[in-house]
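Q: I'd like to ask you about the structure that follows.
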Amino acid sequence: MNRLLSLITLLLLFTATPCLAQRHCCGADRHNHHGHRYERGCHDLDHGCYGNGGGNGYCVGSSGVTWCGRPVKGASASSFTPMCDGYAKDSWNVYHDGRKIKDASCGSFATIGCGYARDTWNVFFNGKKISGASPDSFRALRQGYAKDRWNVYYNGKKISGANPDSFRCSRDGYASDTWNDYYLGRKIKK
C-alpha cells in the first residue's frame, strides 16, 4: 500500500513538472502594475498542460487544445507549442491567451519578455500589434518598458518624446532619458 501511494505521488510530481518548469519562464516582472496578466486557476496538472500563473494555461490533449478550459479554435494539437507570457503557436498560427493573433507569422515568432513578442514583420504586446514598431531593433527592457531604434514603449504604447538612445529603466516603474524622467510610462513634470 505504501509503495502504491509513493508511486502515485511520484506520478503526480512528474506530470506537474511542465507546469512548475514554466513558472519561471519569463522572470520576475509578472505583476499587474507592470502590464502583465497574473491569471490564477488556469493551470492544470494533467499531462500536457502548461500553466504558470502568468497567463499560459494551455493544455494539449486528445480532444484538442484548450486555454483555461476553453477550446482554442483552429489550434493543431500535434504541433502546438506553449510559450511565455500567454503566447503559443502551432504550424499555422500564433495565439495569445487562447485567441489567434492576426498578422503574426508562426515561422519567425518569438517572445522577448514583459508581454512583448515579435516576428519578422511585426511587434506585439499582450497579443496586440504595435503599429510602427521595428522588429529588427526591438527589445524588451523591464517593468513593461521596451524600445526600438526610434521609439520607447510602455506596455505596448509609444512614449512620446522619449529618447531610445539614452533611455534607462530604474526600479518600481521609474525610468529616464537625457531630458526627462518617467513613471509607468508617463513623463514626470518637474
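All residue names refer to the C-alpha cells as shown: chains lettered A, B, ... in order, residues numbered from 1 in each chain, ligands numbered from 1 in order.
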Please identify all polymer residues within 10 Å of A:Tyr182, counting only C-alpha atoms, omitting same-chain residues fewer than 3 positions from it, and present them as a list in words.

A: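 Once the adjacent positions are removed, what remains is Ile159, Ala162, Phe167, Arg168, Cys169, Ser170, Gly173, Tyr174, Ala175, Ser176, Asp177, Gly185, Arg186, Lys187, Ile188 and Lys189 of chain A.
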
Q: Take the selection from the previous step and output its residues with N, CA, C and O atoms, as a PDB file, in the first residue's frame.

A:
ATOM      1  N   ILE A 159       5.900  56.066 -25.977  1.00  0.00           N
ATOM      2  CA  ILE A 159       6.075  57.193 -25.059  1.00  0.00           C
ATOM      3  C   ILE A 159       6.567  58.366 -25.904  1.00  0.00           C
ATOM      4  O   ILE A 159       7.706  58.380 -26.368  1.00  0.00           O
ATOM      5  N   ALA A 162      10.284  60.338 -25.836  1.00  0.00           N
ATOM      6  CA  ALA A 162      11.346  59.615 -25.111  1.00  0.00           C
ATOM      7  C   ALA A 162      12.477  59.257 -26.077  1.00  0.00           C
ATOM      8  O   ALA A 162      12.237  58.881 -27.224  1.00  0.00           O
ATOM      9  N   PHE A 167      17.619  56.084 -23.045  1.00  0.00           N
ATOM     10  CA  PHE A 167      16.575  55.612 -22.144  1.00  0.00           C
ATOM     11  C   PHE A 167      17.076  54.485 -21.245  1.00  0.00           C
ATOM     12  O   PHE A 167      17.680  53.529 -21.708  1.00  0.00           O
ATOM     13  N   ARG A 168      16.831  54.624 -19.935  1.00  0.00           N
ATOM     14  CA  ARG A 168      17.229  53.615 -18.944  1.00  0.00           C
ATOM     15  C   ARG A 168      16.093  53.390 -17.948  1.00  0.00           C
ATOM     16  O   ARG A 168      15.466  54.330 -17.488  1.00  0.00           O
ATOM     17  N   CYS A 169      15.872  52.128 -17.587  1.00  0.00           N
ATOM     18  CA  CYS A 169      14.891  51.777 -16.558  1.00  0.00           C
ATOM     19  C   CYS A 169      15.551  51.816 -15.197  1.00  0.00           C
ATOM     20  O   CYS A 169      16.701  51.409 -15.043  1.00  0.00           O
ATOM     21  N   SER A 170      14.822  52.301 -14.219  1.00  0.00           N
ATOM     22  CA  SER A 170      15.299  52.282 -12.837  1.00  0.00           C
ATOM     23  C   SER A 170      14.604  51.137 -12.133  1.00  0.00           C
ATOM     24  O   SER A 170      14.717  50.005 -12.533  1.00  0.00           O
ATOM     25  N   GLY A 173       8.908  50.992 -11.668  1.00  0.00           N
ATOM     26  CA  GLY A 173       8.183  51.709 -12.710  1.00  0.00           C
ATOM     27  C   GLY A 173       8.822  53.004 -13.167  1.00  0.00           C
ATOM     28  O   GLY A 173       8.322  53.661 -14.069  1.00  0.00           O
ATOM     29  N   TYR A 174       9.934  53.397 -12.560  1.00  0.00           N
ATOM     30  CA  TYR A 174      10.627  54.627 -12.939  1.00  0.00           C
ATOM     31  C   TYR A 174      11.619  54.369 -14.072  1.00  0.00           C
ATOM     32  O   TYR A 174      12.198  53.283 -14.176  1.00  0.00           O
ATOM     33  N   ALA A 175      11.818  55.396 -14.896  1.00  0.00           N
ATOM     34  CA  ALA A 175      12.779  55.343 -15.994  1.00  0.00           C
ATOM     35  C   ALA A 175      13.205  56.767 -16.319  1.00  0.00           C
ATOM     36  O   ALA A 175      12.590  57.732 -15.847  1.00  0.00           O
ATOM     37  N   SER A 176      14.247  56.893 -17.126  1.00  0.00           N
ATOM     38  CA  SER A 176      14.713  58.232 -17.510  1.00  0.00           C
ATOM     39  C   SER A 176      15.446  58.182 -18.838  1.00  0.00           C
ATOM     40  O   SER A 176      15.917  57.134 -19.275  1.00  0.00           O
ATOM     41  N   ASP A 177      15.529  59.338 -19.480  1.00  0.00           N
ATOM     42  CA  ASP A 177      16.412  59.529 -20.626  1.00  0.00           C
ATOM     43  C   ASP A 177      17.182  60.825 -20.373  1.00  0.00           C
ATOM     44  O   ASP A 177      17.128  61.367 -19.267  1.00  0.00           O
ATOM     45  N   GLY A 185       5.526  54.894 -17.614  1.00  0.00           N
ATOM     46  CA  GLY A 185       5.381  55.324 -19.000  1.00  0.00           C
ATOM     47  C   GLY A 185       4.949  56.771 -19.208  1.00  0.00           C
ATOM     48  O   GLY A 185       4.823  57.218 -20.336  1.00  0.00           O
ATOM     49  N   ARG A 186       4.737  57.507 -18.124  1.00  0.00           N
ATOM     50  CA  ARG A 186       4.332  58.914 -18.245  1.00  0.00           C
ATOM     51  C   ARG A 186       5.446  59.834 -17.787  1.00  0.00           C
ATOM     52  O   ARG A 186       6.112  59.581 -16.781  1.00  0.00           O
ATOM     53  N   LYS A 187       5.601  60.922 -18.538  1.00  0.00           N
ATOM     54  CA  LYS A 187       6.623  61.908 -18.187  1.00  0.00           C
ATOM     55  C   LYS A 187       6.284  62.555 -16.844  1.00  0.00           C
ATOM     56  O   LYS A 187       5.140  62.937 -16.601  1.00  0.00           O
ATOM     57  N   ILE A 188       7.285  62.665 -15.998  1.00  0.00           N
ATOM     58  CA  ILE A 188       7.101  63.325 -14.701  1.00  0.00           C
ATOM     59  C   ILE A 188       7.379  64.807 -14.889  1.00  0.00           C
ATOM     60  O   ILE A 188       8.445  65.202 -15.353  1.00  0.00           O
ATOM     61  N   LYS A 189       6.386  65.619 -14.544  1.00  0.00           N
ATOM     62  CA  LYS A 189       6.566  67.076 -14.660  1.00  0.00           C
ATOM     63  C   LYS A 189       7.467  67.574 -13.544  1.00  0.00           C
ATOM     64  O   LYS A 189       7.318  67.193 -12.390  1.00  0.00           O
TER      65      LYS A 189
END

Q: I want to know what sits within 10 Å of stretch 96-106 of chain A, based on only C-alpha atoms, with residues of the same chain fewer than 5 positions away left out; could you give that as a PyMOL selection string?

A: chain A and resi 37+55-58+65-75+82-91+115+117-129

Q: Which one of A:Asn155, A:Gln143, A:Ser62, A:Thr81 sits closest to A:Ala110 if you count only C-alpha atoms?

A: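 Of the candidates, the smallest distance to A:Ala110 is held by A:Thr81.
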
Q: Looking at A:Ser134, A:Trp179, A:Ser160, A:Tyr153, which one is nearest to A:Cys114, with distances taken over only C-alpha atoms?

A: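 Of the candidates, the smallest distance to A:Cys114 is held by A:Tyr153.
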
Q: Determine the nearest neighbour of A:Ile112 from the options A:Ala133, A:Phe138, A:Trp92, A:Tyr154, counting only C-alpha atoms.

A: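 Smallest separation from A:Ile112 among the options: A:Phe138.
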
Q: Between atom CA of A:Val60 and atom CA of A:Gly156, what is the spacing in Å?

A: 29.3 Å

Q: Which of these residues is nearest to A:Tyr116, using only C-alpha atoms: A:Ser79, A:Trp150, A:Lys157, A:Ser166?

A: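 Closest candidate: A:Lys157.
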
Q: If I take atom CA of A:Ser76 and atom CA of A:Gly113, how far is one from the other in Å, to one decimal?

A: 24.6 Å

Q: Taking the DSSP secondary structure from the backbone, can you list the residues of stretch 54-158 of chain A that are strand (DSSP E or B), as JSON, numbers by chain?

A: {"A": [58, 59, 60, 61, 64, 65, 66, 67, 70, 71, 81, 82, 87, 88, 89, 94, 95, 96, 99, 100, 110, 111, 112, 113, 116, 117, 118, 123, 124, 125, 128, 129, 139, 140, 145, 146, 147, 152, 153, 154, 157, 158]}
